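Data from input-v7.txt: compact mmCIF, C-alpha atoms (C1' of nucleotides)
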```
# COMPACT_ATOMS: atom_id res chain seq x y z
CA MET A 1 87.35 104.54 99.05
CA ILE A 2 88.26 102.64 102.17
CA LEU A 3 88.49 98.91 101.65
CA SER A 4 90.44 96.78 99.23
CA ARG A 5 88.54 94.55 96.88
CA THR A 6 89.87 91.59 98.82
CA SER A 7 88.27 92.90 102.00
CA GLN A 8 85.01 93.59 100.23
CA TYR A 9 84.88 90.08 98.80
CA ALA A 10 85.71 88.63 102.21
CA ILE A 11 82.97 90.53 103.97
CA GLN A 12 80.42 89.79 101.29
CA ALA A 13 81.24 86.09 101.35
CA LEU A 14 81.05 85.86 105.11
CA ILE A 15 77.73 87.65 105.24
CA TYR A 16 76.42 85.36 102.56
CA ILE A 17 77.45 82.26 104.45
CA ALA A 18 75.85 83.71 107.55
CA THR A 19 72.56 83.95 105.67
CA GLN A 20 72.66 80.24 104.81
CA PRO A 21 71.42 77.42 107.02
CA PRO A 22 74.21 76.76 109.51
CA GLY A 23 75.93 73.40 109.42
CA GLU A 24 75.43 72.91 105.69
CA PRO A 25 78.72 73.63 103.94
CA VAL A 26 78.44 76.30 101.26
CA LEU A 27 80.40 75.83 98.04
CA ASN A 28 82.95 78.41 97.03
CA ARG A 29 81.61 78.27 93.51
CA LYS A 30 78.09 79.01 94.73
CA ILE A 31 79.27 81.97 96.73
CA ALA A 32 81.26 83.34 93.83
CA ALA A 33 78.32 82.92 91.48
CA TYR A 34 75.94 84.57 93.92
CA LEU A 35 78.22 87.50 94.61
CA ASN A 36 79.38 87.69 91.03
CA VAL A 37 83.07 87.66 91.91
CA PRO A 38 85.92 85.58 90.43
CA SER A 39 85.76 82.18 92.07
CA ALA A 40 89.46 81.32 91.91
CA TYR A 41 90.31 84.55 93.61
CA LEU A 42 87.59 84.15 96.16
CA ALA A 43 88.98 80.68 96.89
CA LYS A 44 92.25 82.25 98.01
CA ILE A 45 90.41 84.63 100.26
CA MET A 46 88.38 81.80 101.74
CA GLN A 47 91.60 80.02 102.55
CA SER A 48 92.86 82.95 104.52
CA LEU A 49 89.57 83.24 106.35
CA CYS A 50 89.97 79.60 107.34
CA LYS A 51 93.47 80.31 108.57
CA GLY A 52 92.05 83.25 110.46
CA ASN A 53 89.70 80.84 112.24
CA LEU A 54 86.50 82.37 110.95
CA LEU A 55 85.56 79.42 108.78
CA TYR A 56 85.76 75.68 108.66
CA SER A 57 86.43 74.08 105.34
CA PHE A 58 85.53 70.59 104.20
CA ARG A 59 87.04 68.88 101.22
CA GLY A 60 85.64 66.30 98.93
CA ARG A 61 82.06 65.49 98.25
CA LEU A 62 79.72 67.38 100.58
CA GLY A 63 82.55 69.82 101.05
CA GLY A 64 82.37 73.57 101.31
CA PHE A 65 82.68 76.25 103.96
CA CYS A 66 80.86 76.85 107.22
CA LEU A 67 81.15 79.55 109.81
CA ARG A 68 83.04 78.41 112.86
CA GLU A 69 81.06 78.22 116.09
CA GLY A 70 80.52 81.71 117.37
CA ALA A 71 81.71 83.32 114.16
CA GLU A 72 78.32 84.94 113.63
CA SER A 73 79.37 87.43 116.25
CA THR A 74 82.52 88.37 114.34
CA ASP A 75 82.58 92.08 113.64
CA LEU A 76 83.88 93.76 110.52
CA MET A 77 86.93 95.07 112.32
CA GLN A 78 88.09 91.54 113.04
CA ILE A 79 87.65 90.59 109.41
CA LEU A 80 89.58 93.62 108.24
CA ILE A 81 92.47 92.84 110.52
CA LEU A 82 92.76 89.58 108.61
CA THR A 83 92.41 91.03 105.16
CA GLU A 84 94.08 94.41 105.46
CA GLY A 85 96.61 93.32 108.01
CA GLN A 86 97.21 94.44 111.55
CA GLY A 87 97.98 98.11 111.85
CA PHE A 88 95.58 99.31 109.19
CA THR A 89 94.03 101.15 112.08
CA GLU A 90 97.07 103.32 112.49
CA ASP A 91 97.29 104.86 109.06
CA CYS A 92 97.68 108.60 108.83
CA LEU A 93 95.27 110.28 106.45
CA LEU A 94 98.10 112.20 104.80
CA GLY A 95 100.44 109.22 104.78
CA LEU A 96 102.90 110.09 107.52
CA LYS A 97 104.65 107.08 108.95
CA VAL A 98 104.19 108.37 112.44
CA CYS A 99 101.22 110.54 113.23
CA SER A 100 100.10 110.50 116.82
CA ASP A 101 98.85 113.02 119.31
CA ALA A 102 102.44 113.86 120.10
CA THR A 103 103.59 114.48 116.54
CA ALA A 104 100.74 114.93 114.16
CA CYS A 105 99.87 115.87 110.60
CA PRO A 106 97.64 118.93 110.22
CA MET A 107 94.56 116.75 109.76
CA HIS A 108 95.16 114.59 112.78
CA ALA A 109 93.18 116.45 115.40
CA LYS A 110 90.02 116.65 113.33
CA TRP A 111 90.40 113.29 111.69
CA LYS A 112 90.86 111.30 114.84
CA PRO A 113 87.30 111.53 116.17
CA ILE A 114 85.82 110.65 112.82
CA LYS A 115 88.15 107.73 112.43
CA GLN A 116 86.99 106.55 115.82
CA LYS A 117 83.41 106.68 114.67
CA VAL A 118 84.32 104.63 111.63
CA PHE A 119 86.00 102.03 113.77
CA ALA A 120 83.13 102.01 116.22
CA LEU A 121 80.75 101.25 113.39
CA LEU A 122 82.96 98.51 112.01
CA THR A 123 83.20 97.00 115.47
CA GLU A 124 79.49 97.19 116.11
CA GLN A 125 78.43 95.48 112.91
CA THR A 126 78.59 91.71 113.15
CA LEU A 127 77.98 89.05 110.55
CA GLU A 128 74.84 88.12 112.40
CA LYS A 129 73.38 91.61 112.20
CA LEU A 130 74.36 92.07 108.60
CA ALA A 131 73.03 88.69 107.58
CA THR A 132 69.73 89.47 109.27
CA ALA A 133 69.53 92.73 107.37
CA VAL A 134 70.02 90.85 104.12
CA VAL A 135 67.58 88.08 104.94
CA SER A 136 64.93 90.66 105.78
CA GLY A 137 65.06 91.67 102.13
CA LYS A 138 65.63 95.28 102.95
CA TYR A 139 69.28 95.23 101.92
CA ARG A 140 71.25 93.34 99.34
CA LEU A 141 74.68 91.86 98.95
CA THR A 142 74.94 92.12 95.18
CA ASP A 143 74.29 94.57 92.44
CA LEU A 144 71.53 92.77 90.71
CA PRO A 145 68.59 91.13 92.35
CA HIS A 146 68.63 87.36 91.91
CA ALA A 147 66.09 85.29 90.13
CA VAL A 148 63.43 84.07 92.45
CA LEU A 149 63.46 80.29 92.73
CA PHE A 150 60.26 78.27 92.60
CA MET B 1 93.25 103.38 104.69
CA ILE B 2 91.44 105.95 102.65
CA LEU B 3 93.64 107.84 100.22
CA SER B 4 96.00 106.69 97.51
CA ARG B 5 99.62 107.62 97.78
CA THR B 6 99.10 109.92 94.83
CA SER B 7 96.44 111.85 96.72
CA GLN B 8 98.58 112.04 99.81
CA TYR B 9 101.52 113.41 97.86
CA ALA B 10 99.28 115.93 96.13
CA ILE B 11 97.81 117.21 99.37
CA GLN B 12 101.18 117.38 101.08
CA ALA B 13 102.71 119.26 98.18
CA LEU B 14 99.89 121.76 97.98
CA ILE B 15 99.98 122.44 101.70
CA TYR B 16 103.71 122.90 101.49
CA ILE B 17 103.41 125.40 98.67
CA ALA B 18 100.75 127.20 100.65
CA THR B 19 103.22 127.62 103.50
CA GLN B 20 105.73 129.32 101.21
CA PRO B 21 105.78 133.04 100.35
CA PRO B 22 103.20 133.49 97.61
CA GLY B 23 104.40 134.61 94.20
CA GLU B 24 107.77 132.92 94.51
CA PRO B 25 107.73 129.74 92.46
CA VAL B 26 108.62 126.64 94.45
CA LEU B 27 110.76 124.00 92.77
CA ASN B 28 109.42 120.49 92.38
CA ARG B 29 112.75 119.19 93.55
CA LYS B 30 112.57 121.24 96.72
CA ILE B 31 109.10 120.02 97.48
CA ALA B 32 110.09 116.41 96.89
CA ALA B 33 113.16 116.78 99.11
CA TYR B 34 111.15 118.46 101.84
CA LEU B 35 108.38 115.90 101.79
CA ASN B 36 110.76 113.04 101.18
CA VAL B 37 108.84 111.70 98.20
CA PRO B 38 110.12 110.62 94.76
CA SER B 39 110.56 113.75 92.70
CA ALA B 40 109.88 112.27 89.27
CA TYR B 41 106.63 110.86 90.49
CA LEU B 42 105.70 114.05 92.24
CA ALA B 43 106.41 115.91 89.00
CA LYS B 44 103.64 113.94 87.31
CA ILE B 45 101.26 114.78 90.09
CA MET B 46 102.18 118.46 89.88
CA GLN B 47 101.35 118.37 86.19
CA SER B 48 97.89 117.09 86.89
CA LEU B 49 97.38 119.72 89.57
CA CYS B 50 98.27 122.34 86.98
CA LYS B 51 95.78 120.85 84.57
CA GLY B 52 93.27 120.89 87.40
CA ASN B 53 93.83 124.64 87.69
CA LEU B 54 95.16 124.59 91.22
CA LEU B 55 98.70 125.58 90.28
CA TYR B 56 100.61 127.70 87.86
CA SER B 57 103.84 126.32 86.54
CA PHE B 58 106.81 128.27 85.21
CA ARG B 59 109.58 126.77 83.16
CA GLY B 60 113.17 127.71 82.87
CA ARG B 61 115.30 129.61 85.27
CA LEU B 62 113.24 131.00 88.15
CA GLY B 63 110.68 128.37 87.29
CA GLY B 64 108.64 126.31 89.67
CA PHE B 65 105.08 126.10 90.89
CA CYS B 66 102.79 128.65 92.53
CA LEU B 67 99.26 128.39 93.80
CA ARG B 68 96.78 129.95 91.46
CA GLU B 69 94.99 133.01 92.74
CA GLY B 70 92.38 131.92 95.22
CA ALA B 71 93.72 128.39 95.42
CA GLU B 72 94.46 128.82 99.12
CA SER B 73 90.77 128.33 99.67
CA THR B 74 90.79 125.00 97.85
CA ASP B 75 89.46 122.28 100.09
CA LEU B 76 90.67 118.69 100.25
CA MET B 77 87.56 117.41 98.53
CA GLN B 78 88.38 119.41 95.42
CA ILE B 79 91.89 118.03 95.40
CA LEU B 80 90.66 114.49 95.78
CA ILE B 81 88.28 114.85 92.91
CA LEU B 82 91.34 115.57 90.78
CA THR B 83 93.49 112.78 92.14
CA GLU B 84 91.00 110.02 92.85
CA GLY B 85 88.67 110.91 90.05
CA GLN B 86 85.09 112.07 90.06
CA GLY B 87 82.77 109.61 91.65
CA PHE B 88 85.06 108.53 94.45
CA THR B 89 82.33 109.98 96.59
CA GLU B 90 79.89 107.34 95.48
CA ASP B 91 81.79 104.24 96.43
CA CYS B 92 79.92 101.63 98.40
CA LEU B 93 81.75 100.38 101.45
CA LEU B 94 81.15 96.77 100.45
CA GLY B 95 81.93 97.41 96.78
CA LEU B 96 78.50 97.31 95.18
CA LYS B 97 78.34 99.17 91.92
CA VAL B 98 75.07 100.71 92.87
CA CYS B 99 74.28 101.34 96.49
CA SER B 100 71.82 104.11 97.19
CA ASP B 101 68.97 104.71 99.56
CA ALA B 102 66.72 102.86 97.15
CA THR B 103 68.86 99.75 96.78
CA ALA B 104 71.46 99.45 99.46
CA CYS B 105 74.07 97.15 100.91
CA PRO B 106 73.54 96.16 104.54
CA MET B 107 76.06 98.77 105.73
CA HIS B 108 74.57 101.61 103.78
CA ALA B 109 72.19 103.07 106.35
CA LYS B 110 74.77 103.28 109.10
CA TRP B 111 77.69 104.15 106.86
CA LYS B 112 76.03 107.05 105.13
CA PRO B 113 76.04 109.52 108.04
CA ILE B 114 79.66 108.78 108.85
CA LYS B 115 80.66 109.15 105.26
CA GLN B 116 78.94 112.51 105.29
CA LYS B 117 81.00 113.53 108.26
CA VAL B 118 84.15 112.50 106.45
CA PHE B 119 83.20 114.54 103.43
CA ALA B 120 82.22 117.49 105.56
CA LEU B 121 85.65 117.46 107.14
CA LEU B 122 87.39 117.17 103.79
CA THR B 123 85.31 120.05 102.50
CA GLU B 124 85.95 122.22 105.51
CA GLN B 125 89.70 121.89 105.48
CA THR B 126 91.35 124.25 103.05
CA LEU B 127 94.97 124.64 102.05
CA GLU B 128 95.01 127.94 103.88
CA LYS B 129 93.89 126.42 107.17
CA LEU B 130 96.20 123.47 106.87
CA ALA B 131 99.17 125.63 105.93
CA THR B 132 98.51 127.84 108.92
CA ALA B 133 98.46 124.80 111.17
CA VAL B 134 101.83 123.75 109.82
CA VAL B 135 103.39 127.19 110.01
CA SER B 136 102.30 127.46 113.62
CA GLY B 137 104.66 124.60 114.34
CA LYS B 138 101.99 122.59 116.04
CA TYR B 139 101.62 120.12 113.18
CA ARG B 140 103.97 118.72 110.62
CA LEU B 141 103.89 117.64 107.02
CA THR B 142 106.70 115.12 107.15
CA ASP B 143 107.86 112.30 109.32
CA LEU B 144 111.09 113.78 110.48
CA PRO B 145 111.57 117.29 111.73
CA HIS B 146 113.82 119.29 109.42
CA ALA B 147 117.15 120.77 110.26
CA VAL B 148 116.82 124.31 111.46
CA LEU B 149 118.49 126.73 109.07
CA PHE B 150 120.73 129.52 110.36
C1' DG C 1 123.02 133.48 70.90
C1' DT C 2 124.66 130.29 74.47
C1' DC C 3 124.03 128.09 78.62
C1' DA C 4 122.04 126.16 82.65
C1' DA C 5 117.96 125.23 85.07
C1' DT C 6 113.33 124.13 84.95
C1' DC C 7 108.77 121.94 83.58
C1' DA C 8 106.24 118.83 79.87
C1' DG C 9 105.45 114.60 78.40
C1' DG C 10 106.32 110.00 76.47
C1' DA C 11 108.30 105.52 77.38
C1' DT C 12 109.51 102.21 80.43
C1' DA C 13 110.28 99.69 84.74
C1' DG C 14 109.02 97.91 89.34
C1' DA C 15 105.73 96.64 92.85
C1' DA C 16 101.39 95.52 94.60
C1' DT C 17 96.89 93.95 93.82
C1' DT C 18 93.73 91.18 91.52
C1' DA C 19 92.83 87.17 88.82
C1' DT C 20 93.61 82.56 86.51
C1' DC C 21 95.42 77.89 85.89
C1' DC C 22 96.87 73.48 87.18
C1' DT C 23 98.21 69.74 90.15
C1' DT C 24 97.57 67.51 94.52
C1' DT C 25 94.96 66.05 98.46
C1' DT C 26 90.76 64.82 100.64
C1' DC C 27 86.37 62.85 101.03
C1' DA C 28 81.78 60.51 100.22
C1' DA C 29 79.15 57.75 97.26
C1' DT C 30 79.09 53.81 94.64
C1' DA D 1 88.99 50.18 94.97
C1' DT D 2 87.11 53.59 91.76
C1' DT D 3 85.08 57.74 90.75
C1' DG D 4 83.64 62.47 90.96
C1' DA D 5 83.48 66.67 93.41
C1' DA D 6 85.54 69.67 96.43
C1' DA D 7 89.30 72.58 98.85
C1' DA D 8 94.65 73.33 99.20
C1' DG D 9 98.23 75.39 97.40
C1' DG D 10 101.88 76.59 94.07
C1' DA D 11 102.82 78.97 89.71
C1' DT D 12 101.76 82.34 86.63
C1' DA D 13 99.32 86.10 84.26
C1' DA D 14 96.90 90.58 83.97
C1' DT D 15 96.02 94.92 85.74
C1' DT D 16 96.75 98.92 88.33
C1' DC D 17 99.54 101.89 90.99
C1' DT D 18 103.91 103.81 91.91
C1' DA D 19 108.31 105.16 90.35
C1' DT D 20 112.16 106.20 87.03
C1' DC D 21 114.37 107.70 82.78
C1' DC D 22 115.07 110.40 78.85
C1' DT D 23 114.19 113.79 75.36
C1' DG D 24 112.29 118.14 74.14
C1' DA D 25 110.50 122.82 75.02
C1' DT D 26 110.83 127.10 77.64
C1' DT D 27 112.89 130.62 80.18
C1' DG D 28 116.24 133.93 82.45
C1' DA D 29 121.03 135.12 83.09
C1' DC D 30 125.04 136.04 80.98
```
Rewrite the coordinates I just gave you, this time as structure tokens.
Amino acid sequence: MILSRTSQYAIQALIYIATQPPGEPVLNRKIAAYLNVPSAYLAKIMQSLCKGNLLYSFRGRLGGFCLREGAESTDLMQILILTEGQGFTEDCLLGLKVCSDATACPMHAKWKPIKQKVFALLTEQTLEKLATAVVSGKYRLTDLPHAVLF
Amino acid sequence: MILSRTSQYAIQALIYIATQPPGEPVLNRKIAAYLNVPSAYLAKIMQSLCKGNLLYSFRGRLGGFCLREGAESTDLMQILILTEGQGFTEDCLLGLKVCSDATACPMHAKWKPIKQKVFALLTEQTLEKLATAVVSGKYRLTDLPHAVLF
DNA sequence: GTCAATCAGGATAGAATTATCCTTTTCAAT
DNA sequence: ATTGAAAAGGATAATTCTATCCTGATTGAC
């Protein structure tokens, strides 16, 4: 309803990495398998997250991806600016190219406060918080529970 | 950010019709010109709105589209169910196929109340209300103001 | 009945998004 | 050095969404 698949994959992957021991590179193929998303496609997304300075990547043996220092405090809004592009915050619900307080669509006045709440939530939720929620076991990142490892 | 172009066109067109004198069929080509959207594409959307029982269509000379009786009280949610398909209300923010109170993504708990606010707004806004807002001159349906007719 | 204007609907095209494939580069272990 | 495993990145394919085109059916005016 709101986010592109690309954004969803990006967020899922980042949260997953945030749940893993920091400093140990996580393989793209592991992430894709865990999240059950196409790994070649995810690889492209990972690249752009590297370019967006959220991740480090390491090639070769012992390669993989790690969060950059401080990236645990990245909020969803920052991620979405990378994946959806700048200015996704300015979209008019009804699709007008310009829709501001000065010249507005008929939904503008009532939509604006709700949109602000949405953005506030996206800004408040960080990878750290979300990863903690997942690690606690109360929430999950994937559709199916994973096999327990012995 | 939220709605497909198809949904935006549909809502715009319906509001526009609701601003016109009832009973007088409105031409697809007039609507498209007014809204500045592709008329052949809009025609397809109009067809589906007819099938969804929101509009009557009339062929031939004096043809066009009219709101069905009572359709002024249609709310945006009803329109979106036609254009986005049933079940667009159930989408998980992070893209999980199932995400409910029982088994939830880490955004679920905080997202749910906001989503409910969004839906409440969409349900509260009817074509009638939106058309009135446009007719008042305070809000507009299109990017550019239209030439005043003498 | 003829004509012009309109919607209905099928076929097709274009664009954007999502997904796959393959080659190159990098790196650590040996 | 060689090898194997990994990301980088370019090319391409598949799918979905948006848009266009064309033919046929319907209707009112004449």
Who sits within 12 Å of DA5 of chain D, only C-alpha atoms (C1' of nucleotides), same chain under 3 positions skipped, as a PDB file with C-alpha atoms (C1' of nucleotides), keeping the file's coordinate frame:
```
ATOM      1  CA  LEU A  27      80.400  75.830  98.040  1.00  0.00           C
ATOM      2  CA  ARG A  29      81.610  78.270  93.510  1.00  0.00           C
ATOM      3  CA  PHE A  58      85.530  70.590 104.200  1.00  0.00           C
ATOM      4  CA  ARG A  59      87.040  68.880 101.220  1.00  0.00           C
ATOM      5  CA  GLY A  60      85.640  66.300  98.930  1.00  0.00           C
ATOM      6  CA  ARG A  61      82.060  65.490  98.250  1.00  0.00           C
ATOM      7  CA  LEU A  62      79.720  67.380 100.580  1.00  0.00           C
ATOM      8  CA  GLY A  63      82.550  69.820 101.050  1.00  0.00           C
ATOM      9  CA  GLY A  64      82.370  73.570 101.310  1.00  0.00           C
TER      10      GLY A  64
ATOM     11  C1'  DT C  26      90.760  64.820 100.640  1.00  0.00           C
ATOM     12  C1'  DC C  27      86.370  62.850 101.030  1.00  0.00           C
ATOM     13  C1'  DA C  28      81.780  60.510 100.220  1.00  0.00           C
ATOM     14  C1'  DA C  29      79.150  57.750  97.260  1.00  0.00           C
TER      15       DA C  29
END
```
Atom CA of Gln86 of chain B to atom CA of Leu55 of chain B measures 19.2 Å
Output the contact residues of chain D with respect to chain B at a cut-off of 8 Å, based on only C-alpha atoms (C1' of nucleotides), as a VMD selection string. chain D and resid 18 to 20 26 to 28
Those same residues - C-alpha atoms (C1' of nucleotides) - I'd like them written as a compact mmCIF listing (two decimals), in the frame of the given file.
```
# COMPACT_ATOMS: atom_id res chain seq x y z
C1' DT D 18 103.91 103.81 91.91
C1' DA D 19 108.31 105.16 90.35
C1' DT D 20 112.16 106.20 87.03
C1' DT D 26 110.83 127.10 77.64
C1' DT D 27 112.89 130.62 80.18
C1' DG D 28 116.24 133.93 82.45
```
Could I get the residues of chain A with an atom no further than 9 Å from an atom of chain B, each paired with its nearest atom pair and that distance in Å to one decimal, using only C-alpha atoms, sorted by chain and residue number, as a Markdown table?
```
| residue | atom | partner | partner_atom | distance |
| --- | --- | --- | --- | --- |
| A:Met1 | CA | B:Ile2 | CA | 5.6 |
| A:Ile2 | CA | B:Ile2 | CA | 4.6 |
| A:Leu3 | CA | B:Leu93 | CA | 6.9 |
| A:Ser4 | CA | B:Gly95 | CA | 8.9 |
| A:Arg5 | CA | B:Gly95 | CA | 7.2 |
| A:Ser7 | CA | B:Leu94 | CA | 8.3 |
| A:Gln8 | CA | B:Leu94 | CA | 5.0 |
| A:Tyr9 | CA | B:Leu94 | CA | 7.8 |
| A:Ile11 | CA | B:Leu94 | CA | 7.4 |
| A:Gln12 | CA | B:Leu94 | CA | 7.1 |
| A:Phe88 | CA | B:Met1 | CA | 6.5 |
| A:Thr89 | CA | B:Met1 | CA | 7.8 |
| A:Glu90 | CA | B:Met1 | CA | 8.7 |
| A:Asp91 | CA | B:Met1 | CA | 6.1 |
| A:Cys92 | CA | B:Met1 | CA | 8.0 |
| A:Leu93 | CA | B:Leu3 | CA | 6.9 |
| A:Leu94 | CA | B:Gln8 | CA | 5.0 |
| A:Gly95 | CA | B:Gln8 | CA | 6.0 |
| A:Leu96 | CA | B:Asp143 | CA | 5.7 |
| A:Lys97 | CA | B:Asp143 | CA | 6.1 |
| A:Val98 | CA | B:Asp143 | CA | 6.2 |
| A:Cys99 | CA | B:Asp143 | CA | 7.9 |
| A:Thr103 | CA | B:Tyr139 | CA | 6.9 |
| A:Ala104 | CA | B:Tyr139 | CA | 5.4 |
| A:Cys105 | CA | B:Arg140 | CA | 5.0 |
| A:Pro106 | CA | B:Tyr139 | CA | 5.1 |
| A:Met107 | CA | B:Leu130 | CA | 7.5 |
| A:His108 | CA | B:Tyr139 | CA | 8.5 |
| A:Lys110 | CA | B:Leu121 | CA | 7.6 |
| A:Trp111 | CA | B:Leu121 | CA | 7.8 |
| A:Ile114 | CA | B:Val118 | CA | 6.8 |
| A:Lys115 | CA | B:Val118 | CA | 8.6 |
| A:Lys117 | CA | B:Ile114 | CA | 7.2 |
| A:Val118 | CA | B:Ile114 | CA | 6.8 |
| A:Leu121 | CA | B:Lys110 | CA | 7.6 |
| A:Gln125 | CA | B:Met107 | CA | 8.2 |
| A:Lys129 | CA | B:Pro106 | CA | 8.9 |
| A:Leu130 | CA | B:Pro106 | CA | 5.8 |
| A:Ala131 | CA | B:Pro106 | CA | 8.1 |
| A:Ala133 | CA | B:Pro106 | CA | 6.0 |
| A:Val134 | CA | B:Pro106 | CA | 6.4 |
| A:Lys138 | CA | B:Ala104 | CA | 8.0 |
| A:Tyr139 | CA | B:Pro106 | CA | 5.1 |
| A:Arg140 | CA | B:Cys105 | CA | 5.0 |
| A:Leu141 | CA | B:Cys105 | CA | 5.7 |
| A:Thr142 | CA | B:Leu96 | CA | 6.3 |
| A:Asp143 | CA | B:Leu96 | CA | 5.7 |
| A:Leu144 | CA | B:Val98 | CA | 9.0 |
```
Counting all atoms listed in the file, what is within 12 Å of DG10 of chain C, bar same-chain residues fewer than 5 positions away, as a tab-separated table (two decimals) with C-alpha atoms (C1' of nucleotides), in the coordinates of the input?
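And here is the file that came out, selection39.tsv:
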```tsv
chain	number	residue	atom	x	y	z
B	44	LYS	CA	103.64	113.94	87.31
D	21	DC	C1'	114.37	107.70	82.78
D	22	DC	C1'	115.07	110.40	78.85
D	23	DT	C1'	114.19	113.79	75.36
D	24	DG	C1'	112.29	118.14	74.14
```
Taken to one decimal, the atom C1' of DG9 of chain C-atom CA of Ala18 of chain B distance is 26.0 Å
